[in-house]
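Trainee: Sharing input-v1.tsv, TSV, C-alpha atoms:
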```tsv
chain	number	residue	atom	x	y	z
A	1	MET	CA	0.00	0.00	0.00
A	2	ARG	CA	1.39	3.37	-1.03
A	3	THR	CA	-1.53	5.80	-1.05
A	4	ALA	CA	-4.61	6.39	1.05
A	5	VAL	CA	-7.36	8.92	1.59
A	6	VAL	CA	-8.88	9.62	4.99
A	7	VAL	CA	-12.41	10.98	4.86
A	8	GLY	CA	-13.13	12.59	8.22
A	9	THR	CA	-10.26	14.20	10.12
A	10	GLY	CA	-11.37	13.85	13.71
A	11	LEU	CA	-9.43	12.01	16.41
A	12	ILE	CA	-9.52	8.56	14.80
A	13	GLY	CA	-9.16	9.64	11.18
A	14	THR	CA	-6.28	12.01	11.87
A	15	SER	CA	-4.53	9.46	14.10
A	16	ALA	CA	-4.72	6.86	11.31
A	17	ALA	CA	-3.46	9.43	8.81
A	18	LEU	CA	-0.53	10.34	11.08
A	19	ALA	CA	0.39	6.68	11.46
A	20	LEU	CA	0.26	6.05	7.70
A	21	ALA	CA	2.11	9.25	6.79
A	22	GLY	CA	4.77	8.29	9.33
A	23	ARG	CA	5.25	5.03	7.41
A	24	GLY	CA	5.86	6.91	4.17
A	25	LEU	CA	2.42	6.66	2.56
A	26	THR	CA	0.95	9.55	0.62
A	27	VAL	CA	-2.22	10.41	2.53
A	28	HIS	CA	-4.95	12.66	1.16
A	29	LEU	CA	-7.32	14.30	3.63
A	30	GLU	CA	-10.99	15.16	3.25
A	31	ASP	CA	-13.52	16.55	5.71
A	32	ALA	CA	-16.90	18.26	5.53
A	33	ASP	CA	-15.18	20.98	7.56
A	34	PRO	CA	-12.22	22.18	5.47
A	35	ASP	CA	-10.63	23.76	8.56
A	36	ALA	CA	-10.44	20.34	10.23
A	37	ALA	CA	-8.67	18.87	7.19
A	38	ARG	CA	-6.24	21.79	7.07
A	39	THR	CA	-5.55	21.38	10.79
A	40	ALA	CA	-4.80	17.69	10.30
A	41	ALA	CA	-2.51	18.53	7.38
A	42	SER	CA	-0.64	21.08	9.49
A	43	LEU	CA	0.08	18.30	11.99
A	44	GLY	CA	1.76	16.21	9.29
A	45	ALA	CA	-1.17	13.84	8.71
A	46	GLY	CA	-1.20	14.32	4.94
A	47	ILE	CA	-2.24	16.76	2.24
A	48	THR	CA	-5.57	18.33	1.41
A	49	GLU	CA	-5.03	18.19	-2.35
A	50	PRO	CA	-7.20	15.51	-4.04
A	51	ALA	CA	-5.50	12.48	-5.59
A	52	ASP	CA	-5.04	12.35	-9.38
A	53	GLY	CA	-6.72	8.95	-9.52
A	54	PRO	CA	-7.90	6.12	-7.26
A	55	VAL	CA	-5.72	5.60	-4.18
A	56	ASP	CA	-5.10	2.19	-2.67
A	57	LEU	CA	-7.34	2.53	0.39
A	58	ALA	CA	-10.06	4.93	1.51
A	59	ILE	CA	-10.57	5.14	5.28
A	60	ILE	CA	-14.01	6.51	6.15
A	61	ALA	CA	-13.81	8.06	9.61
A	62	VAL	CA	-17.30	9.47	10.15
A	63	PRO	CA	-20.12	8.77	12.66
A	64	PRO	CA	-21.93	5.44	12.20
A	65	ALA	CA	-25.07	7.06	10.78
A	66	LEU	CA	-23.05	8.62	7.93
A	67	VAL	CA	-20.95	5.62	6.89
A	68	GLY	CA	-23.31	4.35	4.19
A	69	LYS	CA	-23.86	7.77	2.63
A	70	VAL	CA	-20.16	8.64	2.63
A	71	LEU	CA	-19.13	5.22	1.30
A	72	ALA	CA	-21.63	5.53	-1.55
A	73	ASP	CA	-20.24	8.97	-2.44
A	74	CYS	CA	-16.62	7.76	-2.30
A	75	GLN	CA	-17.39	4.79	-4.55
A	76	ARG	CA	-19.32	7.00	-6.96
A	77	ARG	CA	-16.18	9.13	-7.28
A	78	ASN	CA	-14.00	6.02	-7.68
A	79	LEU	CA	-11.87	7.31	-4.85
A	80	ALA	CA	-9.98	4.08	-4.06
A	81	ARG	CA	-9.41	0.43	-4.92
A	82	TRP	CA	-10.55	-0.68	-1.46
A	83	TYR	CA	-12.63	0.90	1.27
A	84	THR	CA	-13.04	0.56	5.03
A	85	ASP	CA	-14.73	2.54	7.78
A	86	VAL	CA	-13.60	2.95	11.38
A	87	ALA	CA	-16.95	3.65	13.06
A	88	SER	CA	-17.45	2.16	16.51
A	89	VAL	CA	-20.69	0.39	15.52
A	90	LYS	CA	-20.80	-2.11	12.68
A	91	ALA	CA	-24.23	-3.76	12.18
A	92	SER	CA	-26.38	-0.72	11.36
A	93	PRO	CA	-23.87	0.80	8.91
A	94	ARG	CA	-23.66	-2.59	7.15
A	95	ILE	CA	-27.45	-2.61	6.69
A	96	GLU	CA	-27.39	0.90	5.22
A	97	VAL	CA	-24.45	0.08	2.96
A	98	ALA	CA	-26.44	-2.81	1.49
A	99	ALA	CA	-29.61	-0.72	1.18
A	100	LEU	CA	-27.73	1.96	-0.78
A	101	GLY	CA	-26.40	-0.61	-3.21
A	102	CYS	CA	-22.74	0.00	-2.40
A	103	ASP	CA	-20.00	-2.28	-3.70
A	104	THR	CA	-19.47	-4.68	-0.80
A	105	VAL	CA	-16.78	-6.72	-2.51
A	106	HIS	CA	-14.19	-3.97	-2.09
A	107	TYR	CA	-15.46	-2.71	1.29
A	108	ILE	CA	-14.86	-4.07	4.80
A	109	GLY	CA	-16.07	-2.65	8.09
A	110	SER	CA	-13.50	-2.12	10.82
A	111	HIS	CA	-13.17	-0.59	14.27
A	112	PRO	CA	-9.92	0.30	16.05
A	113	MET	CA	-10.48	-0.18	19.79
A	114	ALA	CA	-8.71	2.99	20.83
A	115	GLY	CA	-9.68	6.54	21.65
A	116	ARG	CA	-9.35	9.41	24.05
A	117	GLU	CA	-11.71	11.55	26.09
A	118	ARG	CA	-10.75	14.43	23.78
A	119	SER	CA	-11.89	14.70	20.18
A	120	GLY	CA	-10.85	16.50	16.99
A	121	PRO	CA	-7.61	16.49	14.99
A	122	LEU	CA	-5.64	18.31	17.67
A	123	ALA	CA	-6.16	15.33	20.00
A	124	ALA	CA	-4.79	12.86	17.41
A	125	ARG	CA	-1.66	10.76	17.97
A	126	ALA	CA	0.29	8.63	15.54
A	127	ASP	CA	0.70	5.92	18.20
A	128	LEU	CA	-2.96	5.85	19.26
A	129	PHE	CA	-3.53	2.33	17.90
A	130	GLU	CA	-0.23	0.71	18.86
A	131	GLY	CA	-0.84	-2.59	20.64
A	132	ARG	CA	-4.62	-2.08	20.54
A	133	PRO	CA	-7.20	-4.49	19.06
A	134	TRP	CA	-8.56	-3.50	15.64
A	135	VAL	CA	-11.74	-5.39	14.72
A	136	LEU	CA	-12.43	-6.37	11.10
A	137	THR	CA	-15.93	-7.47	10.10
A	138	PRO	CA	-15.76	-9.10	6.64
A	139	THR	CA	-18.84	-10.59	5.01
A	140	ASP	CA	-19.27	-13.37	2.47
A	141	ASP	CA	-18.95	-10.65	-0.22
A	142	THR	CA	-15.58	-9.35	0.97
A	143	ASP	CA	-12.82	-10.45	-1.37
A	144	THR	CA	-9.35	-11.51	-0.26
A	145	GLU	CA	-7.59	-8.40	-1.56
A	146	THR	CA	-9.93	-6.15	0.42
A	147	LEU	CA	-9.28	-8.12	3.60
A	148	ASN	CA	-5.53	-8.02	2.95
A	149	ALA	CA	-5.64	-4.25	2.47
A	150	ALA	CA	-7.41	-3.87	5.82
A	151	LEU	CA	-4.88	-6.16	7.49
A	152	GLU	CA	-2.07	-4.04	6.06
A	153	LEU	CA	-3.73	-0.91	7.45
A	154	VAL	CA	-3.91	-2.50	10.89
A	155	ALA	CA	-0.24	-3.54	10.70
A	156	LEU	CA	0.89	-0.08	9.57
A	157	CYS	CA	-0.91	1.43	12.56
A	158	GLY	CA	0.72	-1.05	14.96
A	159	ALA	CA	-2.58	-2.62	16.04
A	160	MET	CA	-3.72	-6.25	16.46
A	161	PRO	CA	-6.34	-7.54	14.00
A	162	ILE	CA	-9.39	-9.39	15.32
A	163	VAL	CA	-12.01	-10.77	12.92
A	164	MET	CA	-15.59	-10.72	14.24
A	165	ASP	CA	-19.19	-10.80	13.09
A	166	ALA	CA	-20.67	-7.28	13.03
A	167	THR	CA	-23.53	-8.04	15.44
A	168	ALA	CA	-21.23	-9.82	17.90
A	169	HIS	CA	-18.90	-6.82	17.72
A	170	ASP	CA	-21.72	-4.43	18.63
A	171	ARG	CA	-22.74	-6.53	21.65
A	172	ALA	CA	-19.10	-6.66	22.75
A	173	VAL	CA	-18.48	-2.91	22.53
A	174	ALA	CA	-21.76	-2.26	24.34
A	175	LEU	CA	-20.27	-4.20	27.26
A	176	VAL	CA	-16.67	-2.96	27.26
A	177	SER	CA	-17.00	0.58	25.88
A	178	HIS	CA	-20.45	2.09	25.43
A	179	ALA	CA	-22.08	1.13	28.75
A	180	PRO	CA	-18.94	2.07	30.76
A	181	GLN	CA	-19.03	5.50	29.10
A	182	LEU	CA	-22.56	6.12	30.36
A	183	VAL	CA	-21.81	4.73	33.82
A	184	SER	CA	-18.82	7.07	34.07
A	185	SER	CA	-21.02	9.99	33.05
A	186	LEU	CA	-23.67	9.02	35.61
A	187	VAL	CA	-21.10	8.95	38.42
A	188	ALA	CA	-19.61	12.27	37.29
A	189	ALA	CA	-23.10	13.80	37.16
A	190	ARG	CA	-23.36	13.28	40.93
A	191	LEU	CA	-20.56	15.86	41.25
A	192	GLU	CA	-22.35	18.56	39.27
A	193	HIS	CA	-23.99	20.21	42.28
A	194	ALA	CA	-21.92	18.64	45.05
A	195	ASP	CA	-20.63	20.81	47.86
A	196	GLU	CA	-17.24	22.35	47.08
A	197	THR	CA	-15.77	20.87	50.25
A	198	ALA	CA	-16.68	17.40	49.06
A	199	ILE	CA	-15.18	18.06	45.62
A	200	ARG	CA	-11.90	19.09	47.24
A	201	LEU	CA	-11.62	15.61	48.74
A	202	SER	CA	-11.54	13.99	45.28
A	203	GLY	CA	-8.78	11.43	44.97
A	204	GLN	CA	-7.49	9.05	42.33
A	205	GLY	CA	-10.46	6.72	42.68
A	206	VAL	CA	-13.04	9.22	41.49
A	207	ARG	CA	-10.63	10.48	38.82
A	208	ASP	CA	-10.24	6.95	37.45
A	209	VAL	CA	-13.98	6.32	37.36
A	210	THR	CA	-14.91	9.67	35.78
A	211	ARG	CA	-12.00	10.23	33.36
A	212	ILE	CA	-13.97	9.30	30.25
A	213	ALA	CA	-16.93	11.40	31.39
A	214	ALA	CA	-15.03	14.32	29.81
A	215	SER	CA	-15.82	12.88	26.36
A	216	ASN	CA	-17.72	14.83	23.70
A	217	PRO	CA	-21.50	14.37	24.26
A	218	GLY	CA	-22.46	14.99	20.63
A	219	MET	CA	-20.06	12.34	19.39
A	220	TRP	CA	-21.41	9.82	21.89
A	221	VAL	CA	-25.02	10.50	20.95
A	222	ASP	CA	-24.07	9.51	17.39
A	223	ILE	CA	-22.41	6.32	18.61
A	224	LEU	CA	-25.11	5.31	21.09
A	225	SER	CA	-27.90	6.00	18.59
A	226	ALA	CA	-26.45	3.24	16.41
A	227	ASN	CA	-26.12	0.72	19.27
A	228	ALA	CA	-28.87	1.78	21.67
A	229	GLY	CA	-30.54	-1.61	22.11
A	230	ALA	CA	-27.39	-3.51	23.05
A	231	VAL	CA	-26.30	-0.77	25.47
A	232	ALA	CA	-29.75	-0.64	27.06
A	233	ASP	CA	-29.59	-4.41	27.65
A	234	ILE	CA	-26.28	-4.04	29.52
A	235	LEU	CA	-27.52	-1.11	31.59
A	236	GLU	CA	-30.67	-3.02	32.56
A	237	GLU	CA	-28.42	-5.70	34.03
A	238	VAL	CA	-26.37	-3.04	35.81
A	239	ALA	CA	-29.58	-1.47	37.14
A	240	SER	CA	-30.66	-4.85	38.53
A	241	ASP	CA	-27.33	-5.30	40.28
A	242	LEU	CA	-27.49	-1.71	41.52
A	243	GLY	CA	-30.96	-2.30	43.02
A	244	GLU	CA	-29.71	-5.37	44.87
A	245	THR	CA	-26.66	-3.44	46.08
A	246	VAL	CA	-28.82	-0.59	47.39
A	247	ALA	CA	-30.96	-3.14	49.27
A	248	ALA	CA	-27.81	-4.71	50.75
A	249	LEU	CA	-26.58	-1.31	51.90
A	250	ARG	CA	-29.93	-0.57	53.55
A	251	ALA	CA	-29.68	-3.92	55.31
A	252	LEU	CA	-26.23	-3.00	56.64
A	253	ASP	CA	-27.91	-0.10	58.41
A	254	ALA	CA	-30.72	-2.23	59.85
A	255	PRO	CA	-31.16	-2.78	63.61
A	256	GLU	CA	-31.31	-6.58	63.39
A	257	GLU	CA	-28.02	-8.47	63.26
A	258	GLY	CA	-29.36	-11.02	60.79
A	259	GLU	CA	-30.23	-8.28	58.29
A	260	ARG	CA	-26.82	-6.71	58.73
A	261	ARG	CA	-25.12	-10.04	58.03
A	262	ALA	CA	-27.22	-10.51	54.91
A	263	GLY	CA	-26.35	-6.99	53.77
A	264	ALA	CA	-22.64	-7.58	54.31
A	265	ALA	CA	-22.85	-10.82	52.33
A	266	GLY	CA	-24.57	-9.01	49.47
A	267	ILE	CA	-21.92	-6.30	49.30
A	268	GLU	CA	-19.11	-8.83	49.51
A	269	ALA	CA	-20.69	-10.89	46.73
A	270	VAL	CA	-20.94	-8.00	44.28
A	271	MET	CA	-17.38	-6.89	45.05
A	272	ARG	CA	-16.06	-10.42	44.54
A	273	ARG	CA	-17.86	-10.58	41.21
A	274	GLY	CA	-16.15	-7.30	40.37
A	275	ASN	CA	-12.77	-8.78	41.35
A	276	THR	CA	-13.39	-11.72	39.03
A	277	GLY	CA	-14.48	-9.55	36.12
A	278	GLN	CA	-11.64	-7.09	36.49
A	279	ALA	CA	-9.10	-9.91	36.57
A	280	ARG	CA	-10.27	-11.02	33.11
A	281	ILE	CA	-9.29	-7.74	31.44
A	282	PRO	CA	-6.27	-8.46	29.18
A	283	GLY	CA	-2.83	-7.17	30.05
A	284	LYS	CA	-0.43	-5.30	27.79
A	285	HIS	CA	-0.66	-6.00	24.05
A	286	GLY	CA	-3.62	-8.33	24.63
A	287	ALA	CA	-1.56	-10.74	26.74
A	288	PRO	CA	-3.15	-12.62	29.67
A	289	PRO	CA	-3.68	-10.45	32.77
A	290	THR	CA	-0.52	-9.95	34.79
A	291	ARG	CA	-0.40	-9.03	38.46
A	292	TYR	CA	1.76	-6.03	39.26
A	293	GLU	CA	2.63	-4.43	42.57
A	294	THR	CA	2.86	-0.74	43.39
A	295	VAL	CA	5.77	1.32	44.63
A	296	ALA	CA	4.50	4.70	45.89
A	297	VAL	CA	7.02	7.55	45.80
A	298	VAL	CA	6.58	11.05	47.23
A	299	LEU	CA	7.19	13.58	44.46
A	300	GLY	CA	7.82	17.29	44.95
A	301	ASP	CA	6.01	19.76	42.71
A	302	GLN	CA	9.10	21.06	40.93
A	303	PRO	CA	10.05	20.96	37.26
A	304	GLY	CA	12.02	17.87	36.25
A	305	GLU	CA	11.16	15.74	39.29
A	306	LEU	CA	9.19	13.15	37.35
A	307	GLY	CA	11.92	12.79	34.73
A	308	ARG	CA	14.53	12.40	37.46
A	309	LEU	CA	12.44	9.67	39.10
A	310	PHE	CA	12.03	7.77	35.83
A	311	GLY	CA	15.77	8.04	35.29
A	312	GLU	CA	16.46	6.52	38.71
A	313	VAL	CA	14.03	3.67	38.00
A	314	GLY	CA	15.73	3.00	34.67
A	315	ALA	CA	19.15	3.04	36.32
A	316	ALA	CA	17.86	0.41	38.75
A	317	GLY	CA	17.01	-1.81	35.76
A	318	VAL	CA	13.27	-1.87	36.47
A	319	ASN	CA	10.54	-1.60	33.83
A	320	ILE	CA	7.53	0.56	34.71
A	321	GLU	CA	4.33	-1.20	33.60
A	322	ASP	CA	1.99	1.64	34.54
A	323	VAL	CA	2.06	4.93	36.40
A	324	VAL	CA	-0.51	6.98	38.31
A	325	ILE	CA	0.12	10.43	39.74
A	326	GLU	CA	-2.00	11.47	42.72
A	327	HIS	CA	-1.74	15.05	43.98
A	328	SER	CA	-2.00	15.70	47.69
A	329	THR	CA	-4.79	18.14	48.60
A	330	GLY	CA	-3.42	21.43	49.92
A	331	GLN	CA	0.24	20.40	49.66
A	332	GLN	CA	2.94	20.96	47.04
A	333	VAL	CA	3.66	17.26	46.77
A	334	GLY	CA	2.12	14.28	45.08
A	335	PHE	CA	2.45	10.51	45.05
A	336	VAL	CA	3.62	8.61	42.02
A	337	GLN	CA	2.38	5.02	42.01
A	338	LEU	CA	4.70	2.89	39.90
A	339	SER	CA	3.32	-0.49	38.83
A	340	VAL	CA	6.16	-2.99	38.50
A	341	ALA	CA	6.67	-6.75	38.47
A	342	PRO	CA	6.35	-8.22	41.98
A	343	GLY	CA	10.00	-9.26	42.09
A	344	ALA	CA	11.13	-5.70	41.38
A	345	VAL	CA	9.45	-4.07	44.38
A	346	LYS	CA	12.16	-4.68	46.99
A	347	PRO	CA	15.25	-3.83	44.86
A	348	LEU	CA	13.53	-0.73	43.45
A	349	THR	CA	12.52	0.47	46.91
A	350	VAL	CA	16.08	0.02	48.18
A	351	ALA	CA	17.56	1.81	45.15
A	352	LEU	CA	15.19	4.77	45.35
A	353	ARG	CA	15.68	5.26	49.09
A	354	ALA	CA	19.43	5.13	48.58
A	355	SER	CA	19.06	7.97	46.07
A	356	GLY	CA	17.11	10.08	48.56
A	357	TRP	CA	13.54	9.38	47.46
A	358	SER	CA	10.79	8.97	50.03
A	359	VAL	CA	9.04	5.66	49.36
A	360	ARG	CA	5.81	4.94	51.19
A	361	ASP	CA	5.43	1.56	52.88
```
Will you turn the file into structure tokens for me?

Mentor:
Amino acid sequence: MRTAVVVGTGLIGTSAALALAGRGLTVHLEDADPDAARTAASLGAGITEPADGPVDLAIIAVPPALVGKVLADCQRRNLARWYTDVASVKASPRIEVAALGCDTVHYIGSHPMAGRERSGPLAARADLFEGRPWVLTPTDDTDTETLNAALELVALCGAMPIVMDATAHDRAVALVSHAPQLVSSLVAARLEHADETAIRLSGQGVRDVTRIAASNPGMWVDILSANAGAVADILEEVASDLGETVAALRALDAPEEGERRAGAAGIEAVMRRGNTGQARIPGKHGAPPTRYETVAVVLGDQPGELGRLFGEVGAAGVNIEDVVIEHSTGQQVGFVQLSVAPGAVKPLTVALRASGWSVRD
């Protein structure tokens, strides 16, 4: 593959364009908003000039409801040899594509499982897809060359291809992406009118749960409109669990010991189910879940401190698997939680303390 066109220069489209341009492809950019395409071009994602003839691959990066219409227009213009879309819902666009009479031999639906709470070309990153799953949803019509072109796209972006049925994909993303987005927003909504004193007590827990609540509402309405039934099914199950959890909490506050014991058992049961579910989430690069341990280091609020800490960890020969920074309320210090392999905890703690760092027990 040598040439591509990206139609839709938001976060996903621009990130794909940056990745392809970084691999030496000539990437043409189109958007209904010319300013967005020019912004993406200024970032090095490609050029806004149209191609002289059909490119190798057209990547349609528009909301699910527009995929069919945009694909039909691109094929009418003979824009590319092969076509894919990167919308986060697959079944409803496929139905519209068929209804519009599009060429389904040279088209394959796809969905990179990556994103950010920010949107638009300025939020794009060339490495957004690295190590992330990228779902491909071929049909009986999809020819081998089209599938190979999509696989090459996934490889060029550093992602991992996963082939799925479109309907199964939509049920899966309802569970692991769309429902969690709404749950995060619902938790964050409790903070809208909360007392300022309570807000000041916010720690890493509430930040973790509500991070994606900062996402663009308009974009999510487009996504959820195309997968509403599957998401509603998941949230009904959550609502049932939530009702049982509320009842268990009420029981914990009851005067009778038997009720309190039943309430405690109910809370423990739901938390154990949560432990089990969380443990099933894949580790890095889709590998089986790996248990890490945390080394918590006190970090002063001065320029260069974080870089110095990472340098000390590297000098100790330890690989950081994950990092969380938690700021201390009312103080000019924070805590950096370094996730490392269990066997690295003791030698890293010794090395950091020897270098003058304060490591929490």

Trainee: Using all atoms listed in the file, which residues sit within 10 Å of Val173 (chain A) once same-chain residues fewer than 6 positions away are excluded, as a list of chain:residue names?

Mentor: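 Non-adjacent residues within range: A:Ser88, A:Val89, A:Met113, A:Ala179, A:Pro180, A:Asn227, A:Ala230, A:Val231.
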
Trainee: What does the distance from CA of Ala124 (chain A) to CA of Thr210 (chain A) come to in Å, to one decimal?

Mentor: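 Distance between the two atoms: 21.2 Å.
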
Trainee: Please provide as a ChimeraX atom specification all residues within 6 Å of Gly13 (chain A), with the sequence filter that same-chain residues fewer than 4 positions apart are discarded (counting all atoms listed in the file).

Mentor: /A:8-9,61

Trainee: For each of A:Val7, A:Arg132, A:Ala264, A:Leu348, take the minimum atom-to-atom distance to Ala155 (chain A), counting only C-alpha atoms, then give the residue where this is smallest.

Mentor: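 The shortest atom-to-atom distance to Ala155 (chain A) comes from A:Arg132.
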
Trainee: If you count only C-alpha atoms, which residues fall within 12 Å of Arg261 (chain A), apart from same-chain ones fewer than 5 positions away, as a short mmCIF file (atom, residue, chain, number, x, y, z; two decimals) with C-alpha atoms, in the coordinates of the input?

Mentor:
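Writing the result to selection-v8.cif gives the following:
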```cif
data_model
loop_
_atom_site.label_atom_id
_atom_site.label_comp_id
_atom_site.auth_asym_id
_atom_site.auth_seq_id
_atom_site.Cartn_x
_atom_site.Cartn_y
_atom_site.Cartn_z
CA ALA A 248 -27.81 -4.71 50.75
CA LEU A 249 -26.58 -1.31 51.90
CA ARG A 250 -29.93 -0.57 53.55
CA ALA A 251 -29.68 -3.92 55.31
CA LEU A 252 -26.23 -3.00 56.64
CA ASP A 253 -27.91 -0.10 58.41
CA ALA A 254 -30.72 -2.23 59.85
CA PRO A 255 -31.16 -2.78 63.61
CA GLU A 256 -31.31 -6.58 63.39
CA GLY A 266 -24.57 -9.01 49.47
CA ILE A 267 -21.92 -6.30 49.30
CA GLU A 268 -19.11 -8.83 49.51
#
```

Trainee: Do a neighbour search on Leu151 (chain A) at 12 Å with only C-alpha atoms, toss out local chain neighbours closer than 4 positions, and write the hits as a PyMOL selection string.

Mentor: chain A and resi 1+57+82+84+108-110+112+133-138+144-147+155-163

Trainee: Given the choices A:Gln337, A:Ala4, A:Val246, A:Tyr83, which gets closest to Asn148 (chain A) if the distance is worked out from only C-alpha atoms?

Mentor: A:Tyr83

Trainee: Just to confirm, what's the straight-line distance from CA of Glu257 (chain A) to CA of Ala269 (chain A) in Å (one decimal)?

Mentor: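 Separation between CA of Glu257 (chain A) and CA of Ala269 (chain A): 18.2 Å.
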
Trainee: What is the distance, in Å and to one decimal place, between CA of Leu20 (chain A) and CA of His169 (chain A)?

Mentor: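 Here the two named atoms are 25.2 Å from each other.
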
Trainee: Hey, what's within 6 Å of Asp56 (chain A) if we count only C-alpha atoms and toss same-chain stuff fewer than 4 positions away? As JSON, numbers by chain, please?

Mentor: {"A": [3, 4, 80, 81]}

Trainee: Just write the chosen residues, C-alpha atoms, as an mmCIF file, in the frame of the given file.

Mentor:
```cif
data_model
loop_
_atom_site.group_PDB
_atom_site.id
_atom_site.type_symbol
_atom_site.label_atom_id
_atom_site.label_comp_id
_atom_site.auth_asym_id
_atom_site.auth_seq_id
_atom_site.Cartn_x
_atom_site.Cartn_y
_atom_site.Cartn_z
ATOM 1 C CA THR A 3 -1.530 5.800 -1.050
ATOM 2 C CA ALA A 4 -4.610 6.390 1.050
ATOM 3 C CA ALA A 80 -9.980 4.080 -4.060
ATOM 4 C CA ARG A 81 -9.410 0.430 -4.920
#
```

Trainee: Measuring between all atoms listed in the file, which one of A:Gly120, A:Ser185, A:Arg260, A:Ala98 shows the shortest distance to Asp35 (chain A)?

Mentor: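 The answer is A:Gly120, which sits nearest to Asp35 (chain A).
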
Trainee: For Glu236 (chain A), which of A:Val70, A:Ala17, A:Leu175, A:Val324 is the closest residue, counting all atoms listed in the file?

Mentor: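 Between A:Val70, A:Ala17, A:Leu175, A:Val324, the residue approaching Glu236 (chain A) most closely is A:Leu175.
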
Trainee: May I ask which of the residues A:Leu182, A:Val318, A:Leu352, A:Val238 is the closest one to Val270 (chain A), counting only C-alpha atoms?

Mentor: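 Closest to Val270 (chain A) of all the choices is A:Val238.
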
Trainee: Using only C-alpha atoms, which of A:Asn319, A:Thr139, A:Leu128, A:Ser215 sits nearest Val105 (chain A)?

Mentor: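 Closest residue, counting only C-alpha atoms: A:Thr139.
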